[in-house]
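**Student:** Sharing a structure here in structure tokens format.
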Amino acid sequence: MAATNYSNEPWGLKWRSNTLFILSTVAIGMFTDLFLYGLVVPILPFILVDRIQIPNDQVQYYTSLLLACYAGSQVLFSMVAGIIADKLPSRQPPFLVGLAALFGSTAMLFLGQTIWVLVLARVLQGISASVVWTIGLAMVMDTVGSSKLGVTIGSIFSFITVGELIAPVFGGLVYKKAGSGAVFGTAFGLLVVDFLMRLVVIEKKVAMKYGVDYSTESEDSDSEAGETSPLLSNGNTKEEELAKWRIPKDQPAWIKKLPILYCMGNSRLLVSQLVAFTHATLLAVFDATIVIESRDLFGFDSLRAGLLFVPLILPPLVIGPIAGRGVDKYGAKIFAALGLAYLALPLILLRIPHAGGTAEIVKMASFLGMCGLGLATISSPSIVEASYVVEQFHMANEDLFGETGPYGQLYAVSSMVFSAGLTCGPVISGALRDRVGYGNMNAIMGGFCVSVSVLSWMYLGRIPKTVKRDRSGCSTPRLIG
């Protein structure tokens with residue numbers, strides 16, 4: 001293969017490698033993945049009955065099988081995607097391959113006439129999800145670095161949460177009004193936009209080879225860091241702090257091949273993944289129960305039930321980026337712990353609404369809005385904390401982790417955990433709602449949030465003290481928590 005000629009600048013290099021465009025590409029990719037997942041789920045039983053001619057008494061079994069195929073393939077392929085992401089010089093090729101899998105999956109779901117074609121389609125959809133989450137988050141880290149990761153992830157998660165929550169209602173409504181052709185037409189339209197953005201995006205590390213200068217951005221970050229240089233209250237230097245993250249040299253071969261496995265023994269990293277699991281589980285619980293509960297309580301059809309998602313969606317859109325900036329400044333601990341503890345309140349309050357008119361609908365919408373505020377607060381701490389831990393391991397052990405680090409492997413783990421939450425949420429909510437009722441189900445989820453909140457306060461990173469340096473070089477201790 002001929003070497004790339006970096007003297008010939010590609011068209012639109014600057015805007016194609018612009019930070020905003022790269023992040024928008026990743027956000028659209030993640031939005032498409034979650035939107036198509038939610039779009040298809042509510043119409044699967046109808047496809048099984050109307051097109052595949054599955055008997056009614058077997059619909060639940062095959063619906064569960066198709067859901068399991070998606071989750072299983074995402075879990076199994078995520079680490080493969082992470083390893084590939086860390087090995088290749090560019091993340092764009094696997095990003096495009098993931099989208100090709102999603103195109104194939106959507107086409108098979110639209111045209112498939114046998115159950116095994118649908119099974120293969122769901123497997124491909126899971127593979128695509130593993131790629132978009134693993135490669136996408138690695139591209140975000142490459143683009144903005146760890147210092148701005150919180151506000152970036154908060155903004156992206158605010159956007160994609162809309163797709164995850166509104167897609168099932170949208171899919172059900174469109175299927176009812178216009179049939180499966182309109183549903184899949186929407187899906188293909190979104191895929192075309194996603195494909196064009198992934199095709200033209202240029203990563204910053206590739207753009208630099210063409211001579212694009214990002215030193216201005218680096219200087220801005222450095223100037224901020226120079227005026228407020230992070231020092232822990234024990235007065236250790238950066239080198240002394242990194243010594244705490246050093247890994248003993250005598251590691252087995254499997255650790256050297258997959259060093260992320262050593263990192264997974266760190267309590268901060270484990271609890272950060274638990275926060276991600278909790279976040280995904282709550283999203284899936286709302287997704288699986290709001291429509292049914294609003295139908296039972298208020299007699300809502302799919303359109304009016306969809307409107308109940310609005311108060312759940314709006315707070316993350318507004319608060320997500322603000323909370324993310326706070327995580328960047330003050331650390332993940334306080335936002336994860338307080339956000340989860342706060343969520344217990346509206347979850348318990350959701351026991352109050354009962355069958356009735358406008359007053360009861362307003363109550364439910366208000367409590368869902370409060371839940372949306374909590375979801376916005378906990379959307380970014382997990383990724384920021386996990387990235388910080390692995391970054392420290394990477395800087396302290398470059399001989400083991402290599403120049404680029406194991407970030408692809410880290411986000412593969414995050415993808416697996418988030419997928420597990422999205423899978424467990426409907427199962428947990430369905431079982432609890434049938435056994436103890438909707439109100440008690442939410443109370444149990446509130447108790448779970450409190451438990452994870454306590455673990456977050458105990459194990460996530462402490463709120464650090466910094467030393468603020470004035471222009472004369474004098475140092476003034478300042479607690480940023």
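FYI, nothing fancy with the structure tokens labels: chains A, B, ... in order, residues from 1 per chain, ligands from 1 as they appear.
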Could you give me, as a PDB file with N, CA, C and O atoms, in the first residue's frame, the residues within 10 Å of stretch 347-364 of chain A, counting only C-alpha atoms and dropping anything in the same chain fewer than 3 positions from it?
**Tutor:**
ATOM      1  N   ILE A 290     -43.101   4.366  31.409  1.00  0.00           N
ATOM      2  CA  ILE A 290     -43.887   5.603  31.356  1.00  0.00           C
ATOM      3  C   ILE A 290     -45.118   5.443  30.453  1.00  0.00           C
ATOM      4  O   ILE A 290     -46.228   5.853  30.817  1.00  0.00           O
ATOM      5  N   GLU A 293     -47.694   3.071  32.162  1.00  0.00           N
ATOM      6  CA  GLU A 293     -48.293   3.654  33.356  1.00  0.00           C
ATOM      7  C   GLU A 293     -49.232   4.803  33.008  1.00  0.00           C
ATOM      8  O   GLU A 293     -50.316   4.934  33.598  1.00  0.00           O
ATOM      9  N   SER A 294     -48.827   5.634  32.039  1.00  0.00           N
ATOM     10  CA  SER A 294     -49.698   6.747  31.650  1.00  0.00           C
ATOM     11  C   SER A 294     -50.974   6.235  30.971  1.00  0.00           C
ATOM     12  O   SER A 294     -52.036   6.835  31.108  1.00  0.00           O
ATOM     13  N   ARG A 295     -50.876   5.125  30.271  1.00  0.00           N
ATOM     14  CA  ARG A 295     -52.073   4.524  29.673  1.00  0.00           C
ATOM     15  C   ARG A 295     -53.019   4.005  30.753  1.00  0.00           C
ATOM     16  O   ARG A 295     -54.235   4.228  30.695  1.00  0.00           O
ATOM     17  N   ASP A 296     -52.423   3.339  31.757  1.00  0.00           N
ATOM     18  CA  ASP A 296     -53.254   2.761  32.821  1.00  0.00           C
ATOM     19  C   ASP A 296     -53.885   3.833  33.707  1.00  0.00           C
ATOM     20  O   ASP A 296     -55.042   3.701  34.126  1.00  0.00           O
ATOM     21  N   LEU A 297     -53.119   4.893  34.008  1.00  0.00           N
ATOM     22  CA  LEU A 297     -53.619   5.921  34.925  1.00  0.00           C
ATOM     23  C   LEU A 297     -54.534   6.930  34.240  1.00  0.00           C
ATOM     24  O   LEU A 297     -55.560   7.335  34.796  1.00  0.00           O
ATOM     25  N   PHE A 298     -54.137   7.368  33.044  1.00  0.00           N
ATOM     26  CA  PHE A 298     -54.827   8.496  32.418  1.00  0.00           C
ATOM     27  C   PHE A 298     -55.497   8.141  31.092  1.00  0.00           C
ATOM     28  O   PHE A 298     -56.080   9.017  30.452  1.00  0.00           O
ATOM     29  N   GLY A 299     -55.352   6.891  30.659  1.00  0.00           N
ATOM     30  CA  GLY A 299     -55.927   6.497  29.378  1.00  0.00           C
ATOM     31  C   GLY A 299     -55.236   7.123  28.190  1.00  0.00           C
ATOM     32  O   GLY A 299     -55.839   7.310  27.133  1.00  0.00           O
ATOM     33  N   LEU A 308     -45.302  13.021  27.707  1.00  0.00           N
ATOM     34  CA  LEU A 308     -44.832  12.916  29.093  1.00  0.00           C
ATOM     35  C   LEU A 308     -43.307  12.801  29.169  1.00  0.00           C
ATOM     36  O   LEU A 308     -42.724  13.017  30.235  1.00  0.00           O
ATOM     37  N   PRO A 311     -40.857  16.592  29.859  1.00  0.00           N
ATOM     38  CA  PRO A 311     -40.225  17.084  31.087  1.00  0.00           C
ATOM     39  C   PRO A 311     -39.023  16.251  31.524  1.00  0.00           C
ATOM     40  O   PRO A 311     -38.152  16.749  32.247  1.00  0.00           O
ATOM     41  N   TYR A 342     -30.076  12.689  45.204  1.00  0.00           N
ATOM     42  CA  TYR A 342     -31.228  13.531  44.847  1.00  0.00           C
ATOM     43  C   TYR A 342     -32.273  12.739  44.062  1.00  0.00           C
ATOM     44  O   TYR A 342     -33.484  12.909  44.252  1.00  0.00           O
ATOM     45  N   LEU A 343     -31.834  11.856  43.159  1.00  0.00           N
ATOM     46  CA  LEU A 343     -32.767  11.098  42.318  1.00  0.00           C
ATOM     47  C   LEU A 343     -33.727  10.247  43.139  1.00  0.00           C
ATOM     48  O   LEU A 343     -34.846   9.966  42.702  1.00  0.00           O
ATOM     49  N   ALA A 344     -33.303   9.833  44.322  1.00  0.00           N
ATOM     50  CA  ALA A 344     -34.180   9.009  45.160  1.00  0.00           C
ATOM     51  C   ALA A 344     -35.468   9.744  45.500  1.00  0.00           C
ATOM     52  O   ALA A 344     -36.540   9.125  45.587  1.00  0.00           O
ATOM     53  N   PHE A 367     -42.741  15.428  38.597  1.00  0.00           N
ATOM     54  CA  PHE A 367     -41.787  14.487  39.199  1.00  0.00           C
ATOM     55  C   PHE A 367     -40.839  13.924  38.137  1.00  0.00           C
ATOM     56  O   PHE A 367     -39.653  13.705  38.416  1.00  0.00           O
ATOM     57  N   LEU A 368     -41.336  13.733  36.918  1.00  0.00           N
ATOM     58  CA  LEU A 368     -40.459  13.286  35.830  1.00  0.00           C
ATOM     59  C   LEU A 368     -39.446  14.372  35.485  1.00  0.00           C
ATOM     60  O   LEU A 368     -38.281  14.078  35.178  1.00  0.00           O
ATOM     61  N   GLY A 369     -39.870  15.634  35.543  1.00  0.00           N
ATOM     62  CA  GLY A 369     -38.938  16.729  35.326  1.00  0.00           C
ATOM     63  C   GLY A 369     -37.835  16.752  36.368  1.00  0.00           C
ATOM     64  O   GLY A 369     -36.667  17.013  36.049  1.00  0.00           O
ATOM     65  N   MET A 370     -38.192  16.472  37.618  1.00  0.00           N
ATOM     66  CA  MET A 370     -37.184  16.390  38.674  1.00  0.00           C
ATOM     67  C   MET A 370     -36.209  15.237  38.410  1.00  0.00           C
ATOM     68  O   MET A 370     -35.006  15.352  38.645  1.00  0.00           O
ATOM     69  N   CYS A 371     -36.746  14.126  37.906  1.00  0.00           N
ATOM     70  CA  CYS A 371     -35.875  12.988  37.545  1.00  0.00           C
ATOM     71  C   CYS A 371     -34.916  13.385  36.423  1.00  0.00           C
ATOM     72  O   CYS A 371     -33.740  12.999  36.434  1.00  0.00           O
ATOM     73  N   GLY A 437     -45.947  -3.317  41.997  1.00  0.00           N
ATOM     74  CA  GLY A 437     -46.608  -2.112  41.532  1.00  0.00           C
ATOM     75  C   GLY A 437     -45.627  -1.026  41.110  1.00  0.00           C
ATOM     76  O   GLY A 437     -44.451  -1.039  41.478  1.00  0.00           O
ATOM     77  N   TYR A 438     -46.129  -0.062  40.338  1.00  0.00           N
ATOM     78  CA  TYR A 438     -45.279   0.992  39.774  1.00  0.00           C
ATOM     79  C   TYR A 438     -44.653   1.863  40.868  1.00  0.00           C
ATOM     80  O   TYR A 438     -43.460   2.173  40.814  1.00  0.00           O
ATOM     81  N   GLY A 439     -45.432   2.271  41.841  1.00  0.00           N
ATOM     82  CA  GLY A 439     -44.908   3.138  42.898  1.00  0.00           C
ATOM     83  C   GLY A 439     -43.800   2.482  43.689  1.00  0.00           C
ATOM     84  O   GLY A 439     -42.740   3.083  43.928  1.00  0.00           O
ATOM     85  N   ASN A 440     -44.011   1.235  44.104  1.00  0.00           N
ATOM     86  CA  ASN A 440     -42.984   0.522  44.868  1.00  0.00           C
ATOM     87  C   ASN A 440     -41.760   0.221  44.015  1.00  0.00           C
ATOM     88  O   ASN A 440     -40.631   0.203  44.518  1.00  0.00           O
ATOM     89  N   MET A 441     -41.969  -0.021  42.723  1.00  0.00           N
ATOM     90  CA  MET A 441     -40.829  -0.227  41.820  1.00  0.00           C
ATOM     91  C   MET A 441     -39.909   0.993  41.833  1.00  0.00           C
ATOM     92  O   MET A 441     -38.678   0.870  41.952  1.00  0.00           O
ATOM     93  N   ASN A 442     -40.500   2.188  41.716  1.00  0.00           N
ATOM     94  CA  ASN A 442     -39.696   3.410  41.737  1.00  0.00           C
ATOM     95  C   ASN A 442     -39.022   3.632  43.089  1.00  0.00           C
ATOM     96  O   ASN A 442     -37.894   4.126  43.153  1.00  0.00           O
ATOM     97  N   ALA A 443     -39.703   3.250  44.174  1.00  0.00           N
ATOM     98  CA  ALA A 443     -39.099   3.380  45.500  1.00  0.00           C
ATOM     99  C   ALA A 443     -37.869   2.478  45.617  1.00  0.00           C
ATOM    100  O   ALA A 443     -36.841   2.873  46.193  1.00  0.00           O
ATOM    101  N   ILE A 444     -37.958   1.271  45.071  1.00  0.00           N
ATOM    102  CA  ILE A 444     -36.812   0.350  45.088  1.00  0.00           C
ATOM    103  C   ILE A 444     -35.657   0.918  44.265  1.00  0.00           C
ATOM    104  O   ILE A 444     -34.492   0.865  44.679  1.00  0.00           O
ATOM    105  N   MET A 445     -35.977   1.487  43.111  1.00  0.00           N
ATOM    106  CA  MET A 445     -34.922   2.108  42.296  1.00  0.00           C
ATOM    107  C   MET A 445     -34.306   3.307  43.028  1.00  0.00           C
ATOM    108  O   MET A 445     -33.102   3.552  42.936  1.00  0.00           O
ATOM    109  N   GLY A 446     -35.143   4.031  43.797  1.00  0.00           N
ATOM    110  CA  GLY A 446     -34.608   5.124  44.602  1.00  0.00           C
ATOM    111  C   GLY A 446     -33.637   4.634  45.653  1.00  0.00           C
ATOM    112  O   GLY A 446     -32.585   5.240  45.884  1.00  0.00           O
ATOM    113  N   GLY A 447     -33.972   3.517  46.303  1.00  0.00           N
ATOM    114  CA  GLY A 447     -33.065   2.918  47.275  1.00  0.00           C
ATOM    115  C   GLY A 447     -31.761   2.484  46.639  1.00  0.00           C
ATOM    116  O   GLY A 447     -30.673   2.643  47.232  1.00  0.00           O
ATOM    117  N   CYS A 449     -30.377   3.875  44.011  1.00  0.00           N
ATOM    118  CA  CYS A 449     -29.627   5.107  43.752  1.00  0.00           C
ATOM    119  C   CYS A 449     -28.902   5.592  45.003  1.00  0.00           C
ATOM    120  O   CYS A 449     -27.751   6.041  44.935  1.00  0.00           O
TER     121      CYS A 449
END
**Student:** As a PyMOL selection string, which residues of stretch 181-362 of chain A does DSSP assign to helix (DSSP H, G or I)?
**Tutor:** chain A and resi 181-200+204-209+215-227+238-243+253-257+260-263+267-298+302-307+310-330+332-349+358-362
**Student:** List the neighbours of A:Ile313 out to 9 Å using only C-alpha atoms; skip same-chain residues closer than 2 positions along the sequence, and give me the result as a ChimeraX atom specification.
**Tutor:** /A:158,161-162,165-166,309-311,315-317,369,372-373
**Student:** Keeping only N, CA, C and O atoms, write those residues as a PDB file, in the first residue's frame.
**Tutor:**
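Here's the written file selection_15.pdb:
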ATOM      1  N   SER A 158     -26.577  14.724  26.877  1.00  0.00           N
ATOM      2  CA  SER A 158     -27.848  15.446  26.896  1.00  0.00           C
ATOM      3  C   SER A 158     -28.570  15.281  25.566  1.00  0.00           C
ATOM      4  O   SER A 158     -29.786  15.081  25.519  1.00  0.00           O
ATOM      5  N   THR A 161     -29.637  11.444  24.945  1.00  0.00           N
ATOM      6  CA  THR A 161     -30.712  10.998  25.832  1.00  0.00           C
ATOM      7  C   THR A 161     -32.076  11.234  25.190  1.00  0.00           C
ATOM      8  O   THR A 161     -33.009  10.447  25.376  1.00  0.00           O
ATOM      9  N   VAL A 162     -32.175  12.323  24.420  1.00  0.00           N
ATOM     10  CA  VAL A 162     -33.422  12.610  23.711  1.00  0.00           C
ATOM     11  C   VAL A 162     -33.775  11.457  22.783  1.00  0.00           C
ATOM     12  O   VAL A 162     -34.916  10.979  22.748  1.00  0.00           O
ATOM     13  N   LEU A 165     -34.912   8.240  24.750  1.00  0.00           N
ATOM     14  CA  LEU A 165     -36.200   8.306  25.435  1.00  0.00           C
ATOM     15  C   LEU A 165     -37.383   8.485  24.488  1.00  0.00           C
ATOM     16  O   LEU A 165     -38.462   7.928  24.716  1.00  0.00           O
ATOM     17  N   ILE A 166     -37.195   9.245  23.413  1.00  0.00           N
ATOM     18  CA  ILE A 166     -38.339   9.572  22.562  1.00  0.00           C
ATOM     19  C   ILE A 166     -38.552   8.554  21.451  1.00  0.00           C
ATOM     20  O   ILE A 166     -39.670   8.429  20.911  1.00  0.00           O
ATOM     21  N   PHE A 309     -42.672  12.445  28.047  1.00  0.00           N
ATOM     22  CA  PHE A 309     -41.210  12.369  28.039  1.00  0.00           C
ATOM     23  C   PHE A 309     -40.572  13.748  27.964  1.00  0.00           C
ATOM     24  O   PHE A 309     -39.384  13.890  28.250  1.00  0.00           O
ATOM     25  N   VAL A 310     -41.336  14.761  27.569  1.00  0.00           N
ATOM     26  CA  VAL A 310     -40.773  16.105  27.404  1.00  0.00           C
ATOM     27  C   VAL A 310     -40.159  16.633  28.704  1.00  0.00           C
ATOM     28  O   VAL A 310     -39.013  17.112  28.698  1.00  0.00           O
ATOM     29  N   PRO A 311     -40.857  16.592  29.859  1.00  0.00           N
ATOM     30  CA  PRO A 311     -40.225  17.084  31.087  1.00  0.00           C
ATOM     31  C   PRO A 311     -39.023  16.251  31.524  1.00  0.00           C
ATOM     32  O   PRO A 311     -38.152  16.749  32.247  1.00  0.00           O
ATOM     33  N   PRO A 315     -34.628  18.934  31.031  1.00  0.00           N
ATOM     34  CA  PRO A 315     -33.549  19.250  31.973  1.00  0.00           C
ATOM     35  C   PRO A 315     -32.159  18.782  31.528  1.00  0.00           C
ATOM     36  O   PRO A 315     -31.194  19.551  31.632  1.00  0.00           O
ATOM     37  N   PRO A 316     -32.003  17.535  31.001  1.00  0.00           N
ATOM     38  CA  PRO A 316     -30.673  17.154  30.530  1.00  0.00           C
ATOM     39  C   PRO A 316     -30.143  18.041  29.415  1.00  0.00           C
ATOM     40  O   PRO A 316     -28.937  18.308  29.350  1.00  0.00           O
ATOM     41  N   LEU A 317     -31.016  18.514  28.544  1.00  0.00           N
ATOM     42  CA  LEU A 317     -30.564  19.381  27.456  1.00  0.00           C
ATOM     43  C   LEU A 317     -29.953  20.672  27.984  1.00  0.00           C
ATOM     44  O   LEU A 317     -28.982  21.193  27.437  1.00  0.00           O
ATOM     45  N   GLY A 369     -39.870  15.634  35.543  1.00  0.00           N
ATOM     46  CA  GLY A 369     -38.938  16.729  35.326  1.00  0.00           C
ATOM     47  C   GLY A 369     -37.835  16.752  36.368  1.00  0.00           C
ATOM     48  O   GLY A 369     -36.667  17.013  36.049  1.00  0.00           O
ATOM     49  N   GLY A 372     -35.421  14.158  35.460  1.00  0.00           N
ATOM     50  CA  GLY A 372     -34.567  14.612  34.369  1.00  0.00           C
ATOM     51  C   GLY A 372     -33.400  15.434  34.860  1.00  0.00           C
ATOM     52  O   GLY A 372     -32.281  15.322  34.350  1.00  0.00           O
ATOM     53  N   LEU A 373     -33.639  16.263  35.879  1.00  0.00           N
ATOM     54  CA  LEU A 373     -32.559  17.059  36.472  1.00  0.00           C
ATOM     55  C   LEU A 373     -31.490  16.155  37.083  1.00  0.00           C
ATOM     56  O   LEU A 373     -30.284  16.379  36.916  1.00  0.00           O
TER      57      LEU A 373
END
**Student:** Interatomic distance between atom CA of A:Gly405 and atom CA of A:Phe393?
**Tutor:** 9.0 Å
